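Asks: So that you have it, the file is model04.tsv, and it contains TSV, C-alpha atoms:
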```tsv
chain	number	residue	atom	x	y	z
A	1	MET	CA	-41.30	217.56	-35.25
A	2	ASN	CA	-39.23	218.95	-38.10
A	3	ALA	CA	-40.71	222.40	-37.39
A	4	ALA	CA	-39.75	222.16	-33.72
A	5	ALA	CA	-36.21	221.17	-34.64
A	6	ALA	CA	-35.98	224.07	-37.06
A	7	GLY	CA	-37.23	226.42	-34.36
A	8	ALA	CA	-34.66	225.15	-31.88
A	9	ALA	CA	-31.90	225.49	-34.46
A	10	GLY	CA	-33.00	229.03	-35.22
A	11	ALA	CA	-33.01	229.94	-31.55
A	12	GLY	CA	-29.58	228.39	-31.11
A	13	ALA	CA	-28.26	230.30	-34.09
A	14	GLU	CA	-29.74	233.53	-32.78
A	15	GLY	CA	-28.21	232.92	-29.34
A	16	GLY	CA	-24.85	232.13	-30.97
A	17	THR	CA	-25.01	235.33	-32.95
A	18	GLY	CA	-25.64	237.34	-29.78
A	19	THR	CA	-22.67	235.74	-28.06
A	20	GLY	CA	-20.50	236.39	-31.04
A	21	ALA	CA	-21.50	240.04	-31.13
A	22	GLY	CA	-20.69	240.40	-27.47
A	23	ALA	CA	-17.29	238.81	-28.01
A	24	GLY	CA	-16.70	241.02	-30.98
A	25	SER	CA	-17.58	244.08	-28.96
A	26	GLY	CA	-15.15	243.06	-26.21
A	27	ALA	CA	-12.38	242.49	-28.76
A	28	GLY	CA	-12.99	245.90	-30.25
A	29	ALA	CA	-12.47	247.70	-26.90
A	30	PRO	CA	-9.82	245.78	-24.93
A	31	ARG	CA	-9.10	246.82	-21.39
A	32	ARG	CA	-6.25	249.38	-21.29
A	33	ARG	CA	-3.36	248.64	-19.02
A	34	GLY	CA	-0.24	250.44	-17.94
A	35	ARG	CA	0.45	254.13	-17.39
A	36	PRO	CA	-2.38	256.47	-18.38
A	37	ALA	CA	-1.65	258.90	-21.16
A	38	ARG	CA	-0.61	262.38	-20.16
A	39	THR	CA	-3.09	265.15	-20.68
A	40	GLU	CA	-2.41	267.68	-23.36
A	41	ALA	CA	-1.99	270.33	-20.68
A	42	GLY	CA	0.55	268.18	-18.85
A	43	SER	CA	2.90	267.80	-21.82
A	44	GLY	CA	2.08	270.96	-23.72
A	45	PRO	CA	3.61	274.44	-23.72
A	46	GLY	CA	4.95	275.56	-20.38
A	47	ALA	CA	5.65	272.03	-19.12
A	48	ARG	CA	9.38	272.68	-18.79
A	49	GLU	CA	8.79	275.82	-16.73
A	50	ARG	CA	6.25	274.05	-14.51
A	51	ILE	CA	8.69	271.23	-13.88
A	52	LEU	CA	11.43	273.65	-12.83
A	53	ALA	CA	9.04	275.54	-10.54
A	54	ALA	CA	7.88	272.27	-8.98
A	55	ALA	CA	11.48	271.15	-8.51
A	56	ARG	CA	12.42	274.38	-6.75
A	57	ALA	CA	9.47	274.00	-4.40
A	58	GLU	CA	10.19	270.31	-3.75
A	59	PHE	CA	13.89	270.82	-3.00
A	60	ALA	CA	13.15	273.85	-0.81
A	61	GLU	CA	10.55	271.98	1.22
A	62	ARG	CA	12.08	268.50	1.45
A	63	GLY	CA	15.77	268.94	0.70
A	64	TYR	CA	17.79	266.99	-1.83
A	65	ASP	CA	17.68	263.65	0.03
A	66	LYS	CA	13.90	263.43	0.36
A	67	ALA	CA	12.90	265.07	-2.92
A	68	SER	CA	11.94	262.70	-5.74
A	69	ILE	CA	11.34	262.85	-9.47
A	70	ARG	CA	7.82	261.49	-8.95
A	71	ALA	CA	6.96	264.22	-6.47
A	72	ILE	CA	8.31	266.86	-8.83
A	73	ALA	CA	6.22	265.37	-11.65
A	74	ARG	CA	3.10	265.45	-9.48
A	75	GLY	CA	3.73	269.07	-8.61
A	76	ALA	CA	4.07	269.96	-12.30
A	77	ASP	CA	1.15	267.72	-13.38
A	78	VAL	CA	3.31	265.79	-15.85
A	79	ASP	CA	4.53	262.24	-16.27
A	80	PRO	CA	7.87	261.48	-14.50
A	81	ALA	CA	9.32	260.53	-17.90
A	82	LEU	CA	8.89	264.14	-19.00
A	83	VAL	CA	11.02	265.33	-16.07
A	84	HIS	CA	13.80	263.01	-17.23
A	85	HIS	CA	13.30	264.13	-20.82
A	86	TYR	CA	13.83	267.81	-20.02
A	87	TYR	CA	16.31	267.67	-17.15
A	88	GLY	CA	17.80	264.19	-16.83
A	89	PRO	CA	18.45	262.57	-13.43
A	90	LYS	CA	17.80	264.14	-10.04
A	91	GLU	CA	21.18	265.85	-9.66
A	92	GLN	CA	20.72	267.65	-12.97
A	93	ILE	CA	17.32	269.06	-12.15
A	94	PHE	CA	18.73	270.06	-8.75
A	95	ALA	CA	21.48	271.95	-10.58
A	96	ALA	CA	18.89	273.75	-12.71
A	97	ALA	CA	16.79	274.57	-9.63
A	98	ILE	CA	19.63	276.02	-7.56
A	99	ALA	CA	20.99	277.97	-10.53
A	100	THR	CA	17.65	279.79	-10.56
A	101	ASP	CA	17.51	280.23	-6.77
A	102	PHE	CA	21.16	281.31	-6.57
A	103	ALA	CA	20.85	283.71	-9.50
A	104	PRO	CA	20.84	286.91	-7.37
A	105	ALA	CA	24.23	286.00	-5.85
A	106	LEU	CA	25.64	285.19	-9.30
A	107	GLU	CA	25.52	288.90	-10.11
A	108	ALA	CA	28.47	289.49	-7.74
A	109	PRO	CA	31.09	289.51	-10.55
A	110	ASP	CA	29.20	292.37	-12.19
A	111	VAL	CA	29.46	294.29	-8.91
A	112	VAL	CA	33.23	293.71	-8.89
A	113	GLN	CA	33.52	294.93	-12.47
A	114	ALA	CA	31.23	297.93	-12.07
A	115	GLY	CA	33.50	300.22	-10.03
A	116	GLY	CA	37.07	301.01	-9.13
A	117	ARG	CA	39.52	299.21	-6.90
A	118	ASP	CA	39.38	301.57	-3.92
A	119	ASP	CA	35.92	300.53	-2.67
A	120	LEU	CA	35.84	297.00	-4.09
A	121	GLY	CA	35.59	295.32	-0.68
A	122	GLU	CA	32.75	297.56	0.46
A	123	ARG	CA	30.77	297.05	-2.77
A	124	LEU	CA	31.02	293.29	-2.70
A	125	THR	CA	30.33	293.03	1.03
A	126	ARG	CA	27.27	295.23	0.75
A	127	PHE	CA	25.98	293.25	-2.23
A	128	ILE	CA	26.42	289.77	-0.72
A	129	LEU	CA	24.97	290.68	2.67
A	130	GLY	CA	22.16	292.53	0.89
A	131	VAL	CA	21.19	289.31	-0.89
A	132	TRP	CA	21.00	287.58	2.50
A	133	GLU	CA	19.05	290.47	4.04
A	134	ASN	CA	16.23	290.03	1.51
A	135	PRO	CA	13.73	287.55	3.09
A	136	ASP	CA	12.82	285.97	-0.27
A	137	THR	CA	16.36	285.31	-1.46
A	138	ARG	CA	17.45	284.34	2.06
A	139	GLU	CA	14.94	281.47	2.17
A	140	GLN	CA	16.15	280.22	-1.21
A	141	LEU	CA	19.79	280.33	-0.09
A	142	LEU	CA	18.97	278.60	3.18
A	143	ALA	CA	17.29	275.75	1.30
A	144	ILE	CA	20.38	275.32	-0.89
A	145	VAL	CA	22.72	275.35	2.11
A	146	ARG	CA	20.63	272.73	3.94
A	147	SER	CA	20.75	270.37	0.96
A	148	ALA	CA	24.47	270.92	0.39
A	149	VAL	CA	25.32	270.26	4.04
A	150	ALA	CA	23.20	267.09	4.22
A	151	ASN	CA	24.11	265.40	0.93
A	152	GLU	CA	27.45	265.06	-0.87
A	153	THR	CA	25.87	264.95	-4.33
A	154	ALA	CA	24.02	268.19	-3.63
A	155	ALA	CA	27.22	269.68	-2.22
A	156	ALA	CA	29.14	268.75	-5.38
A	157	VAL	CA	26.48	270.33	-7.60
A	158	PHE	CA	26.49	273.51	-5.51
A	159	ARG	CA	30.31	273.58	-5.39
A	160	ASP	CA	30.50	273.36	-9.18
A	161	LEU	CA	28.01	276.22	-9.54
A	162	VAL	CA	29.89	278.46	-7.09
A	163	THR	CA	33.29	277.60	-8.57
A	164	THR	CA	32.50	278.02	-12.25
A	165	ARG	CA	29.86	280.73	-12.29
A	166	LEU	CA	30.88	282.86	-9.33
A	167	MET	CA	34.44	282.48	-8.06
A	168	ALA	CA	36.10	282.00	-11.45
A	169	ARG	CA	34.39	285.10	-12.81
A	170	ILE	CA	35.37	287.20	-9.80
A	171	ALA	CA	38.97	285.99	-10.05
A	172	GLY	CA	38.95	286.93	-13.72
A	173	GLU	CA	38.21	290.55	-12.77
A	174	LEU	CA	41.20	290.84	-10.39
A	175	ASP	CA	44.50	292.24	-11.68
A	176	ILE	CA	46.63	291.01	-8.76
A	177	PRO	CA	48.77	287.96	-7.95
A	178	ASP	CA	46.92	284.77	-6.92
A	179	PRO	CA	43.48	286.04	-7.99
A	180	LYS	CA	41.78	282.67	-7.52
A	181	LEU	CA	43.09	282.21	-3.98
A	182	ARG	CA	42.27	285.80	-3.07
A	183	SER	CA	38.72	285.58	-4.42
A	184	GLU	CA	38.15	282.37	-2.45
A	185	LEU	CA	39.50	283.94	0.75
A	186	ALA	CA	37.15	286.89	0.29
A	187	ALA	CA	34.26	284.47	-0.31
A	188	ALA	CA	35.19	282.44	2.76
A	189	HIS	CA	35.07	285.60	4.87
A	190	LEU	CA	31.67	286.62	3.52
A	191	VAL	CA	30.19	283.11	3.70
A	192	GLY	CA	31.39	282.78	7.29
A	193	VAL	CA	29.70	286.03	8.25
A	194	ALA	CA	26.50	285.02	6.43
A	195	MET	CA	26.41	281.61	8.11
A	196	LEU	CA	26.83	283.05	11.61
A	197	ARG	CA	24.43	285.95	11.06
A	198	TYR	CA	21.63	284.36	9.01
A	199	VAL	CA	21.88	280.58	9.44
A	200	ILE	CA	23.22	279.88	12.95
A	201	LYS	CA	22.13	283.34	14.19
A	202	VAL	CA	24.95	283.89	16.66
A	203	GLU	CA	24.53	286.98	18.81
A	204	PRO	CA	25.42	289.80	18.79
A	205	LEU	CA	26.24	289.41	15.09
A	206	ALA	CA	22.74	288.19	14.19
A	207	SER	CA	21.04	291.36	15.39
A	208	ALA	CA	23.83	293.86	14.72
A	209	ASP	CA	23.09	296.82	12.47
A	210	LEU	CA	23.82	295.95	8.84
A	211	GLU	CA	25.84	299.11	8.21
A	212	GLN	CA	28.01	298.36	11.23
A	213	VAL	CA	28.65	294.82	9.97
A	214	ILE	CA	29.54	296.07	6.48
A	215	ALA	CA	31.92	298.67	7.92
A	216	MET	CA	33.77	296.04	9.94
A	217	VAL	CA	33.85	293.27	7.29
A	218	ALA	CA	34.57	295.29	4.15
A	219	PRO	CA	38.22	296.19	4.99
A	220	ALA	CA	39.13	292.49	5.28
A	221	VAL	CA	37.43	291.72	1.96
A	222	GLN	CA	39.23	294.71	0.46
A	223	ARG	CA	42.61	293.33	1.52
A	224	HIS	CA	41.84	289.98	-0.13
A	225	LEU	CA	40.55	291.37	-3.42
A	226	ALA	CA	42.73	294.44	-3.92
A	227	GLY	CA	45.96	293.18	-2.38
A	228	ASP	CA	45.99	296.08	0.08
A	229	ALA	CA	48.31	295.67	3.06
```
What does this structure look like when you write it as structure tokens?
Replies:
Amino acid sequence: MNAAAAGAAGAGAEGGTGTGAGAGSGAGAPRRRGRPARTEAGSGPGARERILAAARAEFAERGYDKASIRAIARGADVDPALVHHYYGPKEQIFAAAIATDFAPALEAPDVVQAGGRDDLGERLTRFILGVWENPDTREQLLAIVRSAVANETAAAVFRDLVTTRLMARIAGELDIPDPKLRSELAAAHLVGVAMLRYVIKVEPLASADLEQVIAMVAPAVQRHLAGDA
């Protein structure tokens, strides 16, 4: 009887040991909760560039209103926190995206500076309309315009970009009275032509020969920028 009791006790101890081992094993590998860790590729070199590229694509496809930080993060294969880390809130990454997309047009002040006063209007008109004529840059500009028209935050970001990095620089190149007002009037003329020709596509302007359009628009731009009567 004592042997049977000892056997039972041994079995119980053995069973208890097995249970304890199982519990110990579970304690050693607790179930992980929360956000999964980013992959090394997701947060490694090139992440900033991938985020910007994804943001440009997201804003171009969905516009400012419908674009989201999460969608941008998915497109770049990074955690949304990394988007905030590099670029801040949505309006700031939008500013970075449109600065890249609008970069060709931001070369306009260099065009103003590059030559003399006599053909200033023709040079600037040809340059701005040439940017719109290029299918690649035209699509980028159209995406920016759509966002700016539909959302006041996007419009404010775009307005700041145009004012500080385009119009102010052009005005700084003009040696005439009221350079800021004159540069804005010239821009208004060119933007109006671009909107009717490339965005709204009003005929016959939309299909008119580019050289004909430049020849008819440039004198007005010249009057604004050079102060010609």
Asks: Could you work out how far CA of Ala60 in chain A lies from CA of Val83 in chain A, giving the answer in Å with one decimal?
Replies: 17.6 Å
Asks: Work out how far CA of Leu196 in chain A is from CA of Val213 in chain A, in Å to one decimal.
Replies: 12.0 Å
Asks: At most 9 Å is the cut-off: for each residue in range 157-229 of chain A with any atom that close to an atom of range 103-118 of chain A, write down the nearest atom pair and the distance in Å rounded to one decimal, counting only C-alpha atoms, chain first then increasing number, as a tab-separated table.
Replies:
```
residue	atom	partner	partner_atom	distance
A:Val162	CA	A:Leu106	CA	8.3
A:Arg165	CA	A:Leu106	CA	6.8
A:Leu166	CA	A:Leu106	CA	5.7
A:Met167	CA	A:Pro109	CA	8.2
A:Arg169	CA	A:Pro109	CA	6.0
A:Ile170	CA	A:Pro109	CA	4.9
A:Ala171	CA	A:Pro109	CA	8.6
A:Gly172	CA	A:Pro109	CA	8.9
A:Glu173	CA	A:Gln113	CA	6.4
A:Leu174	CA	A:Val112	CA	8.6
A:Gln222	CA	A:Asp118	CA	8.1
A:Leu225	CA	A:Arg117	CA	8.6
A:Ala226	CA	A:Arg117	CA	6.5
```
Asks: So, with all atoms listed in the file as the atoms that count, which of A:Leu190, A:Met195, A:Ile93, A:Val131 lies closest to Val145 in chain A?
Replies: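 Of A:Leu190, A:Met195, A:Ile93, A:Val131, the one nearest Val145 in chain A is A:Met195, counting all atoms listed in the file.
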Asks: May I ask for the distance between CA of Glu133 in chain A and CA of Pro179 in chain A, given in Å to one decimal place?
Replies: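 Separating CA of Glu133 in chain A from CA of Pro179 in chain A is a distance of 27.6 Å.
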Asks: Excluding Ala148 in chain A and its own-chain neighbours fewer than 4 positions away, which residues fall within 12 Å of it when counting all atoms listed in the file? Please give them as a PyMOL selection string.
Replies: chain A and resi 59-60+63-65+91+94-95+98+141-144+152-162
Asks: From the list A:Ala47, A:Ile128, A:Ala208, A:Val191, which residue is nearest Ile72 in chain A when using only C-alpha atoms?
Replies: A:Ala47
Asks: Select, from A:Ile200, A:Ala168, A:Val221, A:Ile214, the residue with the minimum atom-to-atom distance to Ala188 in chain A, counting all atoms listed in the file.
Replies: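 Answer, going by the shortest atom-to-atom distance: A:Val221.
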Asks: Might you pull out every residue within 9 Å of His224 in chain A, with all atoms listed in the file counted and same-chain residues fewer than 2 positions away left off, and present them as a PDB file with C-alpha atoms, in the frame of the given file?
Replies:
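around_7.pdb written:
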```
ATOM      1  CA  GLY A 121      35.590 295.320  -0.680  1.00  0.00           C
ATOM      2  CA  PRO A 179      43.480 286.040  -7.990  1.00  0.00           C
ATOM      3  CA  LEU A 181      43.090 282.210  -3.980  1.00  0.00           C
ATOM      4  CA  ARG A 182      42.270 285.800  -3.070  1.00  0.00           C
ATOM      5  CA  SER A 183      38.720 285.580  -4.420  1.00  0.00           C
ATOM      6  CA  GLU A 184      38.150 282.370  -2.450  1.00  0.00           C
ATOM      7  CA  LEU A 185      39.500 283.940   0.750  1.00  0.00           C
ATOM      8  CA  ALA A 186      37.150 286.890   0.290  1.00  0.00           C
ATOM      9  CA  PRO A 219      38.220 296.190   4.990  1.00  0.00           C
ATOM     10  CA  ALA A 220      39.130 292.490   5.280  1.00  0.00           C
ATOM     11  CA  VAL A 221      37.430 291.720   1.960  1.00  0.00           C
ATOM     12  CA  GLN A 222      39.230 294.710   0.460  1.00  0.00           C
ATOM     13  CA  ALA A 226      42.730 294.440  -3.920  1.00  0.00           C
ATOM     14  CA  GLY A 227      45.960 293.180  -2.380  1.00  0.00           C
ATOM     15  CA  ASP A 228      45.990 296.080   0.080  1.00  0.00           C
TER      16      ASP A 228
END
```
Asks: Which of these residues is nearest to Val199 in chain A, using only C-alpha atoms: A:Leu120, A:Arg146, A:Phe127, A:Gly88?
Replies: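 Nearest to Val199 in chain A: A:Arg146.
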Asks: If you count only C-alpha atoms, which residues fall within 9 Å of Ala54 in chain A, apart from same-chain ones fewer than 5 positions away, as a PyMOL selection string?
Replies: chain A and resi 49+59+71-76
Asks: Can you work out which one of A:Tyr198, A:Val78, A:His189, A:Phe102 has the shortest atom-to-atom distance to Leu124 in chain A, counting only C-alpha atoms?
Replies: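 Counting only C-alpha atoms, the residue closest to Leu124 in chain A is A:His189.
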Asks: With distances taken over all atoms listed in the file, which residue among A:Pro89, A:Pro135, A:Asp178, A:Leu129 lies nearest Gly192 in chain A?
Replies: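 Among the listed residues, the smallest separation from Gly192 in chain A belongs to A:Leu129.
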Asks: Kindly write range 118-212 of chain A with C-alpha atoms to a file, as a PDB file, in the first residue's frame.
Replies:
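As a result, selection35.pdb now contains:
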```
ATOM      1  CA  ASP A 118      13.264  93.725 -74.749  1.00  0.00           C
ATOM      2  CA  ASP A 119      12.027  90.126 -75.104  1.00  0.00           C
ATOM      3  CA  LEU A 120      11.200  89.449 -71.452  1.00  0.00           C
ATOM      4  CA  GLY A 121       7.495  88.875 -72.101  1.00  0.00           C
ATOM      5  CA  GLU A 122       8.131  86.458 -74.950  1.00  0.00           C
ATOM      6  CA  ARG A 123      10.694  84.452 -72.949  1.00  0.00           C
ATOM      7  CA  LEU A 124       8.479  84.041 -69.924  1.00  0.00           C
ATOM      8  CA  THR A 125       5.360  83.277 -71.963  1.00  0.00           C
ATOM      9  CA  ARG A 126       7.174  80.648 -73.990  1.00  0.00           C
ATOM     10  CA  PHE A 127       8.625  79.070 -70.850  1.00  0.00           C
ATOM     11  CA  ILE A 128       5.367  78.879 -68.860  1.00  0.00           C
ATOM     12  CA  LEU A 129       3.277  77.582 -71.741  1.00  0.00           C
ATOM     13  CA  GLY A 130       6.081  75.154 -72.590  1.00  0.00           C
ATOM     14  CA  VAL A 131       5.812  73.653 -69.095  1.00  0.00           C
ATOM     15  CA  TRP A 132       2.084  73.131 -69.688  1.00  0.00           C
ATOM     16  CA  GLU A 133       2.669  71.696 -73.170  1.00  0.00           C
ATOM     17  CA  ASN A 134       4.790  68.868 -71.741  1.00  0.00           C
ATOM     18  CA  PRO A 135       2.373  65.967 -70.995  1.00  0.00           C
ATOM     19  CA  ASP A 136       4.315  64.829 -67.910  1.00  0.00           C
ATOM     20  CA  THR A 137       4.532  68.211 -66.213  1.00  0.00           C
ATOM     21  CA  ARG A 138       0.990  69.079 -67.302  1.00  0.00           C
ATOM     22  CA  GLU A 139      -0.453  66.110 -65.403  1.00  0.00           C
ATOM     23  CA  GLN A 140       1.465  67.117 -62.278  1.00  0.00           C
ATOM     24  CA  LEU A 141       0.224  70.708 -62.520  1.00  0.00           C
ATOM     25  CA  LEU A 142      -3.343  69.564 -63.121  1.00  0.00           C
ATOM     26  CA  ALA A 143      -3.236  67.440 -59.970  1.00  0.00           C
ATOM     27  CA  ILE A 144      -2.020  70.423 -57.936  1.00  0.00           C
ATOM     28  CA  VAL A 145      -4.711  72.705 -59.371  1.00  0.00           C
ATOM     29  CA  ARG A 146      -7.466  70.178 -58.598  1.00  0.00           C
ATOM     30  CA  SER A 147      -6.375  69.914 -54.969  1.00  0.00           C
ATOM     31  CA  ALA A 148      -6.001  73.682 -54.571  1.00  0.00           C
ATOM     32  CA  VAL A 149      -9.447  74.362 -56.029  1.00  0.00           C
ATOM     33  CA  ALA A 150     -11.167  71.729 -53.872  1.00  0.00           C
ATOM     34  CA  ASN A 151      -9.527  72.359 -50.490  1.00  0.00           C
ATOM     35  CA  GLU A 152      -8.620  75.609 -48.719  1.00  0.00           C
ATOM     36  CA  THR A 153      -5.674  74.065 -46.850  1.00  0.00           C
ATOM     37  CA  ALA A 154      -4.215  72.797 -50.118  1.00  0.00           C
ATOM     38  CA  ALA A 155      -4.871  76.202 -51.701  1.00  0.00           C
ATOM     39  CA  ALA A 156      -3.026  77.955 -48.863  1.00  0.00           C
ATOM     40  CA  VAL A 157      -0.030  75.637 -49.217  1.00  0.00           C
ATOM     41  CA  PHE A 158       0.072  76.174 -52.984  1.00  0.00           C
ATOM     42  CA  ARG A 159      -0.397  79.946 -52.591  1.00  0.00           C
ATOM     43  CA  ASP A 160       2.545  80.136 -50.206  1.00  0.00           C
ATOM     44  CA  LEU A 161       4.729  78.182 -52.633  1.00  0.00           C
ATOM     45  CA  VAL A 162       3.797  80.399 -55.594  1.00  0.00           C
ATOM     46  CA  THR A 163       4.151  83.613 -53.593  1.00  0.00           C
ATOM     47  CA  THR A 164       7.482  82.939 -51.917  1.00  0.00           C
ATOM     48  CA  ARG A 165       9.336  80.815 -54.437  1.00  0.00           C
ATOM     49  CA  LEU A 166       8.007  82.154 -57.722  1.00  0.00           C
ATOM     50  CA  MET A 167       6.374  85.581 -57.662  1.00  0.00           C
ATOM     51  CA  ALA A 168       8.693  87.172 -55.090  1.00  0.00           C
ATOM     52  CA  ARG A 169      11.740  86.039 -57.036  1.00  0.00           C
ATOM     53  CA  ILE A 170      10.367  87.335 -60.328  1.00  0.00           C
ATOM     54  CA  ALA A 171       9.497  90.677 -58.719  1.00  0.00           C
ATOM     55  CA  GLY A 172      13.033  90.857 -57.364  1.00  0.00           C
ATOM     56  CA  GLU A 173      14.383  90.748 -60.929  1.00  0.00           C
ATOM     57  CA  LEU A 174      12.283  93.718 -62.131  1.00  0.00           C
ATOM     58  CA  ASP A 175      13.767  97.216 -62.065  1.00  0.00           C
ATOM     59  CA  ILE A 176      10.464  99.073 -62.466  1.00  0.00           C
ATOM     60  CA  PRO A 177       7.841 100.649 -60.182  1.00  0.00           C
ATOM     61  CA  ASP A 178       5.392  98.260 -58.460  1.00  0.00           C
ATOM     62  CA  PRO A 179       7.355  95.108 -59.333  1.00  0.00           C
ATOM     63  CA  LYS A 180       5.244  92.837 -57.124  1.00  0.00           C
ATOM     64  CA  LEU A 181       1.948  94.013 -58.616  1.00  0.00           C
ATOM     65  CA  ARG A 182       3.326  93.822 -62.145  1.00  0.00           C
ATOM     66  CA  SER A 183       4.693  90.305 -61.672  1.00  0.00           C
ATOM     67  CA  GLU A 184       1.331  89.164 -60.298  1.00  0.00           C
ATOM     68  CA  LEU A 185      -0.548  90.732 -63.222  1.00  0.00           C
ATOM     69  CA  ALA A 186       1.749  88.935 -65.655  1.00  0.00           C
ATOM     70  CA  ALA A 187       1.189  85.682 -63.754  1.00  0.00           C
ATOM     71  CA  ALA A 188      -2.576  86.215 -63.759  1.00  0.00           C
ATOM     72  CA  HIS A 189      -2.488  86.623 -67.539  1.00  0.00           C
ATOM     73  CA  LEU A 190      -0.446  83.464 -68.048  1.00  0.00           C
ATOM     74  CA  VAL A 191      -2.416  81.393 -65.523  1.00  0.00           C
ATOM     75  CA  GLY A 192      -5.669  82.480 -67.164  1.00  0.00           C
ATOM     76  CA  VAL A 193      -4.434  81.370 -70.572  1.00  0.00           C
ATOM     77  CA  ALA A 194      -3.177  78.062 -69.141  1.00  0.00           C
ATOM     78  CA  MET A 195      -6.470  77.372 -67.370  1.00  0.00           C
ATOM     79  CA  LEU A 196      -8.556  77.997 -70.493  1.00  0.00           C
ATOM     80  CA  ARG A 197      -6.207  76.141 -72.844  1.00  0.00           C
ATOM     81  CA  TYR A 198      -5.127  73.131 -70.753  1.00  0.00           C
ATOM     82  CA  VAL A 199      -7.652  72.711 -67.929  1.00  0.00           C
ATOM     83  CA  ILE A 200     -11.056  73.878 -69.203  1.00  0.00           C
ATOM     84  CA  LYS A 201      -9.995  73.398 -72.853  1.00  0.00           C
ATOM     85  CA  VAL A 202     -12.003  76.239 -74.343  1.00  0.00           C
ATOM     86  CA  GLU A 203     -11.967  76.346 -78.126  1.00  0.00           C
ATOM     87  CA  PRO A 204     -10.451  77.711 -80.262  1.00  0.00           C
ATOM     88  CA  LEU A 205      -7.729  78.483 -77.703  1.00  0.00           C
ATOM     89  CA  ALA A 206      -7.312  74.835 -76.682  1.00  0.00           C
ATOM     90  CA  SER A 207      -6.311  73.699 -80.157  1.00  0.00           C
ATOM     91  CA  ALA A 208      -4.652  76.890 -81.409  1.00  0.00           C
ATOM     92  CA  ASP A 209      -1.053  76.693 -82.595  1.00  0.00           C
ATOM     93  CA  LEU A 210       1.337  77.300 -79.699  1.00  0.00           C
ATOM     94  CA  GLU A 211       3.424  79.843 -81.608  1.00  0.00           C
ATOM     95  CA  GLN A 212       0.302  81.822 -82.448  1.00  0.00           C
TER      96      GLN A 212
END
```
